[in-house]
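Next comes my_file_39.txt, with compact mmCIF, C-alpha atoms (C1' of nucleotides).
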```txt
# COMPACT_ATOMS: atom_id res chain seq x y z
CA MET A 14 77.94 157.71 127.80
CA THR A 15 77.10 161.24 126.83
CA ILE A 16 80.48 162.18 128.22
CA THR A 17 82.26 160.08 125.60
CA LEU A 18 80.08 161.38 122.82
CA SER A 19 80.56 164.98 123.83
CA ALA A 20 84.35 164.73 123.43
CA PRO A 21 85.39 166.89 120.47
CA ARG A 22 86.92 165.29 117.38
CA ARG A 23 90.16 167.19 117.77
CA VAL A 24 90.88 165.37 120.98
CA GLN A 25 90.35 162.05 119.25
CA ALA A 26 92.89 162.96 116.62
CA SER A 27 95.49 164.10 119.09
CA ASP A 28 94.92 160.95 121.18
CA ALA A 29 95.60 158.89 118.08
CA ALA A 30 98.81 160.80 117.48
CA ALA A 31 99.85 160.33 121.09
CA THR A 32 99.31 156.57 120.82
CA ALA A 33 101.35 156.45 117.62
CA LEU A 34 104.09 158.60 119.14
CA LYS A 35 104.50 156.28 122.11
CA LEU A 36 104.84 153.34 119.77
CA TYR A 37 107.35 155.30 117.73
CA VAL A 38 109.51 155.92 120.76
CA VAL A 39 109.45 152.40 122.18
CA LEU A 40 110.04 150.94 118.72
CA ALA A 41 113.15 153.05 118.25
CA ARG A 42 114.42 152.31 121.74
CA ALA A 43 113.78 148.57 121.57
CA GLN A 44 115.48 148.32 118.21
CA ARG A 45 118.46 150.21 119.53
CA ALA A 46 118.77 148.17 122.71
CA ILE A 47 118.62 144.92 120.77
CA SER A 48 121.08 146.19 118.15
CA GLU A 49 123.58 147.02 120.84
CA HIS A 50 123.58 143.38 121.90
CA THR A 51 123.99 142.03 118.41
CA GLU A 52 126.65 144.63 117.51
CA THR A 53 128.67 143.73 120.56
CA ASP A 54 128.45 140.04 119.75
CA LEU A 55 129.59 140.54 116.16
CA ALA A 56 132.30 143.06 117.02
CA ALA A 57 134.03 140.23 118.89
CA HIS A 58 134.48 138.60 115.47
CA GLY A 59 135.45 141.84 113.74
CA LEU A 60 132.15 142.20 111.89
CA THR A 61 129.51 144.91 111.72
CA ILE A 62 125.82 144.04 111.52
CA THR A 63 125.70 145.00 107.85
CA GLU A 64 128.73 142.90 106.97
CA PHE A 65 127.23 139.98 108.85
CA ALA A 66 123.93 140.44 107.01
CA ILE A 67 125.73 140.06 103.69
CA LEU A 68 127.67 137.00 104.81
CA GLU A 69 124.52 135.49 106.26
CA ALA A 70 122.57 135.98 103.04
CA LEU A 71 125.31 134.27 101.03
CA TYR A 72 125.70 131.55 103.67
CA HIS A 73 122.06 130.55 103.52
CA LYS A 74 121.22 131.29 99.90
CA GLY A 75 124.49 130.70 98.06
CA PRO A 76 125.95 133.19 95.52
CA LEU A 77 123.72 136.20 94.85
CA LEU A 78 123.88 139.06 92.41
CA LEU A 79 125.07 142.28 94.02
CA GLY A 80 121.69 143.82 93.33
CA GLU A 81 119.94 140.97 95.09
CA VAL A 82 122.13 141.39 98.15
CA GLN A 83 121.54 145.12 98.02
CA ARG A 84 117.76 144.79 98.06
CA LYS A 85 117.96 142.17 100.80
CA ILE A 86 120.04 144.19 103.23
CA LEU A 87 118.72 147.60 102.22
CA VAL A 88 121.81 149.62 101.39
CA SER A 89 122.49 151.97 98.49
CA SER A 90 124.21 150.80 95.31
CA GLY A 91 127.37 152.61 96.39
CA GLY A 92 127.12 150.94 99.75
CA ILE A 93 126.99 147.40 98.42
CA THR A 94 130.06 148.01 96.26
CA PHE A 95 131.93 149.41 99.24
CA LEU A 96 130.88 146.61 101.59
CA VAL A 97 131.65 143.78 99.19
CA ASP A 98 135.03 145.43 98.48
CA LYS A 99 135.85 145.36 102.17
CA LEU A 100 134.76 141.75 102.61
CA ALA A 101 136.70 140.78 99.50
CA ASP A 102 139.83 142.53 100.83
CA ARG A 103 139.55 140.32 103.90
CA GLY A 104 139.17 137.23 101.74
CA LEU A 105 135.69 136.38 103.00
CA VAL A 106 133.78 137.02 99.78
CA GLU A 107 134.64 137.02 96.08
CA ARG A 108 133.01 138.44 92.99
CA LYS A 109 132.15 136.09 90.15
CA LEU A 110 131.07 136.87 86.63
CA CYS A 111 127.52 136.14 85.56
CA ALA A 112 127.41 133.84 82.56
CA THR A 113 124.26 135.31 81.05
CA ASP A 114 124.62 139.04 81.84
CA ARG A 115 127.98 140.70 81.58
CA ARG A 116 126.83 143.77 83.53
CA ALA A 117 126.10 141.67 86.60
CA ARG A 118 128.40 140.27 89.30
CA TYR A 119 127.77 137.54 91.82
CA ALA A 120 129.00 137.81 95.36
CA ALA A 121 129.92 134.42 96.83
CA LEU A 122 131.46 133.28 100.09
CA THR A 123 135.02 132.04 99.85
CA ARG A 124 136.01 128.93 101.78
CA LYS A 125 137.38 131.26 104.44
CA GLY A 126 134.10 133.16 104.58
CA GLU A 127 132.15 129.97 104.94
CA ALA A 128 134.44 128.78 107.73
CA LEU A 129 133.96 132.10 109.53
CA MET A 130 130.19 131.75 109.31
CA ASP A 131 130.34 128.16 110.56
CA GLU A 132 132.11 129.58 113.57
CA VAL A 133 130.12 132.78 114.09
CA PHE A 134 126.54 131.97 113.14
CA PRO A 135 125.42 129.62 115.95
CA GLY A 136 126.77 131.93 118.63
CA HIS A 137 125.13 134.93 117.01
CA ALA A 138 121.74 133.22 116.84
CA GLU A 139 122.16 132.44 120.52
CA ALA A 140 123.07 136.08 121.27
CA ILE A 141 119.87 137.22 119.56
CA ARG A 142 117.86 134.69 121.53
CA GLU A 143 119.35 136.08 124.75
CA ALA A 144 118.75 139.67 123.67
CA MET A 145 115.07 138.85 123.14
CA ALA A 146 114.72 136.94 126.41
CA GLY A 147 112.83 139.83 128.01
CA LEU A 148 109.77 138.49 126.18
CA SER A 149 108.34 134.98 126.47
CA ARG A 150 108.31 133.03 123.24
CA ALA A 151 104.54 133.48 123.04
CA ASP A 152 104.95 137.24 123.39
CA GLN A 153 107.77 137.23 120.86
CA LYS A 154 105.37 135.65 118.38
CA LYS A 155 102.69 138.24 119.15
CA ALA A 156 105.20 141.04 118.71
CA THR A 157 106.43 139.52 115.46
CA ALA A 158 102.92 139.39 114.02
CA LEU A 159 102.19 142.98 114.99
CA LEU A 160 105.51 144.34 113.71
CA LYS A 161 105.22 142.43 110.46
CA GLN A 162 101.81 144.00 109.84
CA LEU A 163 103.12 147.42 110.82
CA GLY A 164 106.26 147.15 108.71
CA LEU A 165 104.52 145.88 105.61
CA ALA A 166 101.86 148.58 105.75
CA ALA A 167 104.43 151.32 106.27
CA ALA A 168 106.66 150.03 103.46
CA ALA A 169 103.70 149.77 101.08
CA ASP A 170 102.61 153.28 101.99
CA ALA A 171 106.10 154.65 101.37
CA LYS A 172 106.09 153.49 97.79
CA ARG A 173 103.18 155.65 96.75
CA MET B 12 101.84 113.32 122.68
CA THR B 13 104.83 111.03 122.86
CA ILE B 14 105.92 112.67 119.63
CA THR B 15 106.25 116.04 121.35
CA LEU B 16 108.04 114.53 124.32
CA SER B 17 110.48 112.62 122.17
CA ALA B 18 111.74 115.79 120.51
CA PRO B 19 115.36 116.37 121.58
CA ARG B 20 116.31 119.44 123.63
CA ARG B 21 118.60 120.77 120.92
CA VAL B 22 115.62 121.32 118.66
CA GLN B 23 113.86 123.28 121.38
CA ALA B 24 116.86 125.59 121.72
CA SER B 25 117.12 126.16 118.00
CA ASP B 26 113.37 126.76 117.80
CA ALA B 27 113.78 129.45 120.42
CA ALA B 28 116.56 131.04 118.39
CA ALA B 29 114.42 130.89 115.24
CA THR B 30 111.57 132.67 117.03
CA ALA B 31 113.94 135.35 118.29
CA LEU B 32 115.52 135.73 114.86
CA LYS B 33 112.18 136.33 113.19
CA LEU B 34 111.39 139.01 115.73
CA TYR B 35 114.81 140.52 115.15
CA VAL B 36 114.20 140.80 111.43
CA VAL B 37 110.69 142.25 111.59
CA LEU B 38 111.76 144.66 114.33
CA ALA B 39 114.57 146.01 112.18
CA ARG B 40 112.36 146.21 109.08
CA ALA B 41 109.45 147.88 110.84
CA GLN B 42 111.70 150.43 112.46
CA ARG B 43 113.29 151.18 109.13
CA ALA B 44 110.01 151.50 107.25
CA ILE B 45 108.63 153.85 109.88
CA SER B 46 111.84 155.90 109.98
CA GLU B 47 111.67 156.41 106.26
CA HIS B 48 108.28 158.09 106.68
CA THR B 49 109.41 160.34 109.50
CA GLU B 50 112.69 161.21 107.73
CA THR B 51 110.84 162.20 104.60
CA ASP B 52 108.45 164.36 106.58
CA LEU B 53 111.24 166.18 108.42
CA ALA B 54 113.46 166.53 105.36
CA ALA B 55 110.74 168.77 103.89
CA HIS B 56 111.61 171.19 106.72
CA GLY B 57 115.37 170.72 106.36
CA LEU B 58 115.72 168.66 109.52
CA THR B 59 117.10 165.20 110.26
CA ILE B 60 115.46 162.97 112.85
CA THR B 61 118.28 163.59 115.30
CA GLU B 62 118.10 167.34 114.90
CA PHE B 63 114.34 167.19 115.37
CA ALA B 64 114.79 165.07 118.49
CA ILE B 65 116.96 167.78 120.03
CA LEU B 66 114.56 170.57 119.11
CA GLU B 67 111.64 168.51 120.39
CA ALA B 68 113.32 167.86 123.73
CA LEU B 69 113.99 171.57 124.20
CA TYR B 70 110.52 172.49 122.95
CA HIS B 71 108.77 170.34 125.52
CA LYS B 72 111.19 170.52 128.43
CA GLY B 73 112.78 173.94 128.09
CA PRO B 74 116.56 174.54 128.28
CA LEU B 75 118.57 171.40 129.05
CA LEU B 76 122.23 170.77 129.79
CA LEU B 77 124.08 169.33 126.79
CA GLY B 78 124.65 166.13 128.75
CA GLU B 79 120.94 165.81 129.45
CA VAL B 80 120.10 166.18 125.77
CA GLN B 81 122.83 163.70 124.93
CA ARG B 82 121.44 161.01 127.23
CA LYS B 83 117.95 161.69 125.99
CA ILE B 84 118.65 161.31 122.30
CA LEU B 85 121.45 158.75 122.67
CA VAL B 86 124.35 160.25 120.74
CA SER B 87 128.01 160.48 121.67
CA SER B 88 129.47 163.51 123.45
CA GLY B 89 131.16 164.56 120.22
CA GLY B 90 127.86 164.14 118.43
CA ILE B 91 125.91 166.47 120.69
CA THR B 92 128.55 169.18 120.31
CA PHE B 93 128.42 168.82 116.54
CA LEU B 94 124.63 168.78 116.35
CA VAL B 95 124.11 171.75 118.65
CA ASP B 96 126.79 173.64 116.66
CA LYS B 97 124.83 173.05 113.48
CA LEU B 98 121.51 174.06 115.00
CA ALA B 99 123.16 177.13 116.53
CA ASP B 100 124.64 178.11 113.15
CA ARG B 101 121.12 178.06 111.78
CA GLY B 102 119.91 180.21 114.64
CA LEU B 103 117.50 177.63 116.03
CA VAL B 104 119.30 176.92 119.29
CA GLU B 105 121.69 178.82 121.51
CA ARG B 106 124.12 177.84 124.28
CA LYS B 107 123.74 179.44 127.67
CA LEU B 108 126.07 179.36 130.64
CA CYS B 109 125.11 177.44 133.73
CA ALA B 110 125.16 179.66 136.81
CA THR B 111 126.23 176.94 139.21
CA ASP B 112 128.67 174.87 137.13
CA ARG B 113 131.08 176.58 134.81
CA ARG B 114 131.89 173.37 132.93
CA ALA B 115 128.28 172.97 131.83
CA ARG B 116 126.28 174.60 129.03
CA TYR B 117 122.58 174.77 128.48
CA ALA B 118 121.05 174.33 125.07
CA ALA B 119 117.91 176.43 124.60
CA LEU B 120 115.58 177.14 121.69
CA THR B 121 115.85 180.58 120.22
CA ARG B 122 112.65 182.40 119.28
CA LYS B 123 113.27 181.25 115.71
CA GLY B 124 113.68 177.64 116.87
CA GLU B 125 110.47 177.83 118.81
CA ALA B 126 108.62 179.27 115.84
CA LEU B 127 109.95 176.46 113.65
CA MET B 128 108.71 173.85 116.11
CA ASP B 129 105.31 175.53 116.31
CA GLU B 130 105.15 175.06 112.57
CA VAL B 131 106.71 171.59 112.27
CA PHE B 132 105.58 169.65 115.33
CA PRO B 133 101.85 169.16 114.65
CA GLY B 134 102.45 167.97 111.12
CA HIS B 135 105.15 165.62 112.26
CA ALA B 136 102.94 164.06 114.92
CA GLU B 137 100.37 163.57 112.19
CA ALA B 138 102.96 161.97 109.89
CA ILE B 139 103.85 159.49 112.64
CA ARG B 140 100.19 158.71 113.17
CA GLU B 141 99.83 157.98 109.46
CA ALA B 142 102.99 155.89 109.39
CA MET B 143 101.57 153.74 112.19
CA ALA B 144 98.13 153.44 110.59
CA GLY B 145 98.83 149.85 109.52
CA LEU B 146 97.93 148.89 113.08
CA SER B 147 94.66 149.66 114.86
CA ARG B 148 95.03 151.81 117.94
CA ALA B 149 94.35 148.77 120.12
CA ASP B 150 97.13 146.85 118.36
CA GLN B 151 99.42 149.86 118.62
CA LYS B 152 98.93 149.75 122.37
CA LYS B 153 99.65 146.02 122.49
CA ALA B 154 102.79 146.51 120.42
CA THR B 155 103.86 149.39 122.66
CA ALA B 156 103.53 147.27 125.79
CA LEU B 157 105.47 144.37 124.28
CA LEU B 158 108.24 146.58 122.89
CA LYS B 159 108.57 148.50 126.12
CA GLN B 160 109.09 145.25 128.00
CA LEU B 161 111.53 144.00 125.38
CA GLY B 162 113.51 147.23 125.24
CA LEU B 163 113.78 147.68 128.98
CA ALA B 164 114.93 144.09 129.50
CA ALA B 165 117.50 144.36 126.70
CA ALA B 166 118.80 147.70 127.98
CA ALA B 167 119.09 146.38 131.52
CA ASP B 168 120.90 143.28 130.30
CA ALA B 169 123.36 145.40 128.29
CA LYS B 170 124.53 147.25 131.40
CA ARG B 171 125.87 144.15 133.11
C1' DA C 26 121.46 146.19 62.12
C1' DC C 27 120.44 150.45 64.81
C1' DT C 28 118.80 153.12 68.32
C1' DA C 29 116.52 154.30 72.64
C1' DA C 30 115.55 153.00 77.03
C1' DG C 31 116.59 150.61 81.00
C1' DC C 32 119.77 148.08 84.25
C1' DA C 33 123.78 146.55 87.12
C1' DT C 34 127.57 148.14 88.99
C1' DC C 35 131.06 151.46 90.17
C1' DT C 36 133.12 156.16 91.31
C1' DC C 37 133.33 160.13 93.92
C1' DA C 38 132.09 163.77 96.90
C1' DC C 39 129.72 164.36 100.83
C1' DT C 40 127.16 163.53 105.50
C1' DA C 41 126.29 162.17 110.09
C1' DC C 42 127.88 160.42 113.00
C1' DT C 43 131.51 157.54 116.73
C1' DA C 44 135.54 156.95 119.76
C1' DA C 45 139.48 158.42 121.96
C1' DG C 46 141.69 161.80 123.97
C1' DA C 47 142.24 166.91 125.42
C1' DT C 48 140.78 170.68 128.27
C1' DA C 49 138.68 172.83 131.94
C1' DA C 50 135.94 172.85 136.11
C1' DT C 51 134.20 170.67 140.31
C1' DA C 52 133.94 167.73 144.55
C1' DG C 53 135.88 165.00 148.05
C1' DA C 54 139.59 163.35 150.94
C1' DT C 55 143.44 164.42 153.43
C1' DA D 9 145.07 174.44 150.86
C1' DT D 10 146.22 170.59 147.82
C1' DC D 11 145.81 166.47 145.42
C1' DT D 12 142.92 163.07 143.18
C1' DA D 13 139.08 161.45 140.90
C1' DT D 14 135.21 162.65 138.41
C1' DT D 15 132.44 165.22 135.31
C1' DA D 16 131.07 168.37 131.18
C1' DT D 17 132.20 169.68 126.98
C1' DC D 18 135.03 170.05 122.90
C1' DT D 19 138.51 168.52 119.29
C1' DT D 20 140.15 165.52 115.92
C1' DA D 21 140.57 161.62 113.06
C1' DG D 22 138.23 158.01 111.23
C1' DT D 23 134.00 155.04 109.73
C1' DA D 24 129.93 153.54 107.44
C1' DG D 25 127.41 154.71 104.90
C1' DT D 26 124.20 157.94 101.00
C1' DG D 27 123.14 159.94 96.46
C1' DA D 28 124.14 161.65 91.97
C1' DG D 29 126.11 160.67 88.04
C1' DA D 30 129.28 157.70 84.89
C1' DT D 31 130.12 153.44 82.44
C1' DG D 32 129.23 149.41 80.18
C1' DC D 33 125.83 145.96 78.96
C1' DT D 34 121.20 144.28 77.50
C1' DT D 35 116.55 144.42 75.55
C1' DA D 36 112.88 145.94 72.63
C1' DG D 37 111.18 148.46 68.98
C1' DT D 38 111.85 149.77 64.31
```

Encoding of this model in structure tokens:
Amino acid sequence: MTITLSAPRRVQASDAAATALKLYVVLARAQRAISEHTETDLAAHGLTITEFAILEALYHKGPLLLGEVQRKILVSSGGITFLVDKLADRGLVERKLCATDRRARYAALTRKGEALMDEVFPGHAEAIREAMAGLSRADQKKATALLKQLGLAAAADAKR
Amino acid sequence: MTITLSAPRRVQASDAAATALKLYVVLARAQRAISEHTETDLAAHGLTITEFAILEALYHKGPLLLGEVQRKILVSSGGITFLVDKLADRGLVERKLCATDRRARYAALTRKGEALMDEVFPGHAEAIREAMAGLSRADQKKATALLKQLGLAAAADAKR
DNA sequence: ACTAAGCATCTCACTACTAAGATAATAGAT
DNA sequence: ATCTATTATCTTAGTAGTGAGATGCTTAGT
């Protein structure tokens, strides 16, 4: 017992950093490995993850203001303009005026965009399920709880 | 009990996908929130995460072949050339010939690069520790174990 | 009404890469 | 020795964004 107590503080601090560093590395690597699966799946349909994220938001929530989409998928204001332009060029999304605010624009799926999502979404959900299959469902739930806590705390801390 | 048993298989499968999808979302968000902290910390020293990753590898392992660095930090072959060029322009890294293979080049920290890492590394480890502080150390270890398992399985599955 | 402040979106210049292919060197088989 | 396949790095063109600032619209205070 005295052995533990005699350990200097500095070692405690560096141990804590080492623990955090390990988590940092495996977090980055896991995210990357999973992303590679989902990117590959979507590339088969000619979509990037970000493009899919936009389509998915509109698919499940209906028309959204550009700013709402932007906050949801976490890109810059320039980025959302660029991405919606590209999706509009391909006829998957269209801009609509907002009746109550003439500054604002809605993004909405076209019929073609909706049809694409009908086709792509179930397979993509399945691809994610397969990518996560290295963990049992119980462990997936544990990991989800831990990562949610971690992410929320880190995001809150960033805002200060 | 008969209620549980009477549930159709299809619902089970879609439940599994829903579990995986939740994990997918929190994984991406946590990684992003943490990255924002580490990016901010490194930007104060004029470094990106990728540049730091190269310097860190050389700092702790000594000179490495460009290909070794590339595999370690997971960038393309063009990317490692570009990144080492930039670091070399700033005098932090230098290329050295390989005595036994004239195709190969070592990347090595210059004295200036080493001095920079002496200055930057401890603070960065501390910034990571703070970014992870939303989780107790015990939970950090749990998360590390789960993510390691997840990442290794996903990476192995990608290779097939 | 008028003005100041704040927003939503867009434009533009730039950055950090990737991917494909070129170049040069090496290793193995004949 | 020579040819082939492989490997290590570099070059080039293109992509998916970011960030600062511009524009046009709205809201609140006076």

Least-squares superpose chain B onto chain A - every C-alpha atom, paired in order - and show me the moved coordinates as a tab-separated table (two decimals) with C-alpha atoms, keeping the file's coordinate frame.
```tsv
chain	number	residue	atom	x	y	z
B	12	MET	CA	78.31	158.03	128.64
B	13	THR	CA	77.36	161.51	127.54
B	14	ILE	CA	80.80	162.52	128.76
B	15	THR	CA	82.47	160.31	126.16
B	16	LEU	CA	80.15	161.49	123.42
B	17	SER	CA	80.66	165.14	124.24
B	18	ALA	CA	84.41	164.89	123.69
B	19	PRO	CA	85.32	166.94	120.60
B	20	ARG	CA	86.76	165.26	117.50
B	21	ARG	CA	90.02	167.17	117.74
B	22	VAL	CA	90.84	165.38	120.97
B	23	GLN	CA	90.24	162.03	119.31
B	24	ALA	CA	92.70	162.90	116.55
B	25	SER	CA	95.36	164.04	118.97
B	26	ASP	CA	94.80	160.94	121.09
B	27	ALA	CA	95.46	158.86	118.01
B	28	ALA	CA	98.67	160.77	117.38
B	29	ALA	CA	99.73	160.31	121.01
B	30	THR	CA	99.20	156.55	120.74
B	31	ALA	CA	101.22	156.42	117.53
B	32	LEU	CA	103.96	158.57	119.04
B	33	LYS	CA	104.38	156.28	122.01
B	34	LEU	CA	104.71	153.32	119.69
B	35	TYR	CA	107.22	155.27	117.63
B	36	VAL	CA	109.40	155.92	120.66
B	37	VAL	CA	109.35	152.40	122.09
B	38	LEU	CA	109.93	150.93	118.63
B	39	ALA	CA	113.04	153.04	118.15
B	40	ARG	CA	114.31	152.31	121.67
B	41	ALA	CA	113.69	148.58	121.49
B	42	GLN	CA	115.37	148.31	118.13
B	43	ARG	CA	118.34	150.23	119.43
B	44	ALA	CA	118.68	148.21	122.62
B	45	ILE	CA	118.54	144.96	120.68
B	46	SER	CA	121.00	146.21	118.06
B	47	GLU	CA	123.48	147.07	120.76
B	48	HIS	CA	123.50	143.42	121.85
B	49	THR	CA	123.93	142.06	118.35
B	50	GLU	CA	126.59	144.67	117.47
B	51	THR	CA	128.59	143.78	120.54
B	52	ASP	CA	128.38	140.09	119.73
B	53	LEU	CA	129.54	140.56	116.14
B	54	ALA	CA	132.23	143.09	117.01
B	55	ALA	CA	133.97	140.29	118.93
B	56	HIS	CA	134.44	138.63	115.51
B	57	GLY	CA	135.42	141.87	113.76
B	58	LEU	CA	132.14	142.20	111.89
B	59	THR	CA	129.49	144.92	111.70
B	60	ILE	CA	125.81	144.04	111.47
B	61	THR	CA	125.72	144.99	107.81
B	62	GLU	CA	128.75	142.91	106.96
B	63	PHE	CA	127.24	139.98	108.84
B	64	ALA	CA	123.96	140.44	106.97
B	65	ILE	CA	125.79	140.05	103.66
B	66	LEU	CA	127.72	136.99	104.80
B	67	GLU	CA	124.54	135.49	106.23
B	68	ALA	CA	122.63	135.99	102.99
B	69	LEU	CA	125.38	134.27	101.02
B	70	TYR	CA	125.75	131.55	103.65
B	71	HIS	CA	122.11	130.55	103.47
B	72	LYS	CA	121.30	131.29	99.85
B	73	GLY	CA	124.58	130.71	98.04
B	74	PRO	CA	126.06	133.17	95.50
B	75	LEU	CA	123.83	136.18	94.81
B	76	LEU	CA	124.02	139.05	92.35
B	77	LEU	CA	125.21	142.27	93.99
B	78	GLY	CA	121.82	143.82	93.27
B	79	GLU	CA	120.06	140.95	95.01
B	80	VAL	CA	122.21	141.36	98.11
B	81	GLN	CA	121.63	145.10	97.98
B	82	ARG	CA	117.84	144.76	97.97
B	83	LYS	CA	118.02	142.16	100.69
B	84	ILE	CA	120.07	144.16	103.15
B	85	LEU	CA	118.75	147.58	102.11
B	86	VAL	CA	121.87	149.60	101.36
B	87	SER	CA	122.61	151.93	98.47
B	88	SER	CA	124.33	150.74	95.29
B	89	GLY	CA	127.49	152.53	96.36
B	90	GLY	CA	127.21	150.88	99.74
B	91	ILE	CA	127.10	147.33	98.42
B	92	THR	CA	130.17	147.95	96.26
B	93	PHE	CA	132.03	149.34	99.26
B	94	LEU	CA	130.97	146.55	101.61
B	95	VAL	CA	131.75	143.72	99.21
B	96	ASP	CA	135.13	145.38	98.51
B	97	LYS	CA	135.93	145.31	102.20
B	98	LEU	CA	134.83	141.71	102.66
B	99	ALA	CA	136.77	140.73	99.54
B	100	ASP	CA	139.91	142.46	100.87
B	101	ARG	CA	139.60	140.28	103.94
B	102	GLY	CA	139.23	137.20	101.80
B	103	LEU	CA	135.74	136.33	103.03
B	104	VAL	CA	133.87	136.98	99.80
B	105	GLU	CA	134.75	136.98	96.13
B	106	ARG	CA	133.14	138.42	92.99
B	107	LYS	CA	132.29	136.09	90.16
B	108	LEU	CA	131.22	136.88	86.62
B	109	CYS	CA	127.69	136.17	85.53
B	110	ALA	CA	127.62	133.92	82.47
B	111	THR	CA	124.49	135.43	80.97
B	112	ASP	CA	124.85	139.14	81.79
B	113	ARG	CA	128.21	140.80	81.55
B	114	ARG	CA	127.09	143.85	83.55
B	115	ALA	CA	126.34	141.71	86.59
B	116	ARG	CA	128.59	140.24	89.29
B	117	TYR	CA	127.92	137.53	91.79
B	118	ALA	CA	129.09	137.78	95.35
B	119	ALA	CA	130.02	134.39	96.82
B	120	LEU	CA	131.54	133.22	100.10
B	121	THR	CA	135.08	132.01	99.89
B	122	ARG	CA	136.04	128.90	101.83
B	123	LYS	CA	137.41	131.22	104.51
B	124	GLY	CA	134.12	133.15	104.62
B	125	GLU	CA	132.18	129.95	104.97
B	126	ALA	CA	134.43	128.76	107.77
B	127	LEU	CA	133.96	132.08	109.57
B	128	MET	CA	130.18	131.76	109.33
B	129	ASP	CA	130.33	128.18	110.59
B	130	GLU	CA	132.08	129.59	113.62
B	131	VAL	CA	130.08	132.81	114.10
B	132	PHE	CA	126.50	131.99	113.13
B	133	PRO	CA	125.40	129.67	115.96
B	134	GLY	CA	126.71	131.99	118.63
B	135	HIS	CA	125.08	134.96	117.00
B	136	ALA	CA	121.69	133.24	116.83
B	137	GLU	CA	122.12	132.50	120.51
B	138	ALA	CA	123.01	136.14	121.25
B	139	ILE	CA	119.80	137.26	119.52
B	140	ARG	CA	117.81	134.74	121.51
B	141	GLU	CA	119.28	136.14	124.72
B	142	ALA	CA	118.68	139.72	123.64
B	143	MET	CA	115.01	138.88	123.10
B	144	ALA	CA	114.67	136.99	126.38
B	145	GLY	CA	112.76	139.89	127.97
B	146	LEU	CA	109.71	138.53	126.17
B	147	SER	CA	108.29	135.01	126.48
B	148	ARG	CA	108.26	133.05	123.26
B	149	ALA	CA	104.49	133.48	123.05
B	150	ASP	CA	104.88	137.26	123.39
B	151	GLN	CA	107.71	137.23	120.86
B	152	LYS	CA	105.32	135.64	118.40
B	153	LYS	CA	102.63	138.22	119.13
B	154	ALA	CA	105.14	141.03	118.69
B	155	THR	CA	106.36	139.47	115.44
B	156	ALA	CA	102.84	139.34	114.01
B	157	LEU	CA	102.09	142.94	114.98
B	158	LEU	CA	105.40	144.28	113.67
B	159	LYS	CA	105.10	142.36	110.44
B	160	GLN	CA	101.70	143.92	109.82
B	161	LEU	CA	102.99	147.36	110.77
B	162	GLY	CA	106.12	147.11	108.65
B	163	LEU	CA	104.39	145.79	105.56
B	164	ALA	CA	101.71	148.48	105.71
B	165	ALA	CA	104.30	151.23	106.21
B	166	ALA	CA	106.49	149.92	103.39
B	167	ALA	CA	103.54	149.67	101.03
B	168	ASP	CA	102.43	153.18	101.92
B	169	ALA	CA	105.93	154.55	101.28
B	170	LYS	CA	105.90	153.34	97.67
B	171	ARG	CA	102.96	155.50	96.66
```

- prompt: Can you list, as number ranges by chain, every protein, DNA or RNA residue that comes within 7 Å of stretch 42-57 of chain A when you count all atoms listed in the file, leaving out same-chain residues fewer than 6 positions away?
  reply: A: 137, 140-141, 144; B: 38-39, 158-159, 161-162, 165-166, 169

With a cut-off of 10 Å, could you pull out the residues of chain A touching chain C and give me the nearest pair of atoms for each, distance in Å to one decimal, using only C-alpha atoms (C1' of nucleotides), ordered by chain and ascending number, as a tab-separated table?
```
residue	atom	partner	partner_atom	distance
A:Leu78	CA	C:DA33	C1'	9.2
A:Leu79	CA	C:DT34	C1'	8.1
A:Gly80	CA	C:DA33	C1'	7.1
A:Ser90	CA	C:DT34	C1'	7.6
A:Gly91	CA	C:DC35	C1'	7.3
A:Ile93	CA	C:DT34	C1'	9.5
A:Thr94	CA	C:DC35	C1'	7.1
A:Phe95	CA	C:DC35	C1'	9.3
A:Asp114	CA	C:DA33	C1'	9.2
A:Arg115	CA	C:DA33	C1'	9.1
A:Arg116	CA	C:DA33	C1'	5.5
A:Ala117	CA	C:DA33	C1'	5.4
A:Arg118	CA	C:DT34	C1'	7.9
```

task: Pull out every residue of chain D sitting within 8 Å of chain B, counting only C-alpha atoms (C1' of nucleotides), and send them as a PyMOL selection string.
output: chain D and resi 16-18

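For the pair atom CA of A:Thr157 and atom CA of A:Asp170, the interatomic distance is 19.6 Å.
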
Distance query B:Asp150 at most 8 Å, all atoms listed in the file, self and fewer than 4 positions along chain excluded, as a ChimeraX atom specification: /A:159 /B:146,154

- request: Using atom CA of B:Val86 and atom CA of A:Ala166 as the two end points, give the distance in Å to one decimal.
  value: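 Taking atom CA of B:Val86 as the start and atom CA of A:Ala166 as the end point, the length is 29.4 Å.
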
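Between atom CA of A:Leu105 and atom CA of A:Gly75 lies a distance of 13.5 Å.
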
- request: Rank B:Lys33, B:Lys123, B:Arg82, B:Arg101 by their smallest atom-to-atom distance to chain A, using all atoms listed in the file, and report the top residue only.
  value: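 For chain A, the nearest of the given residues is B:Lys33.
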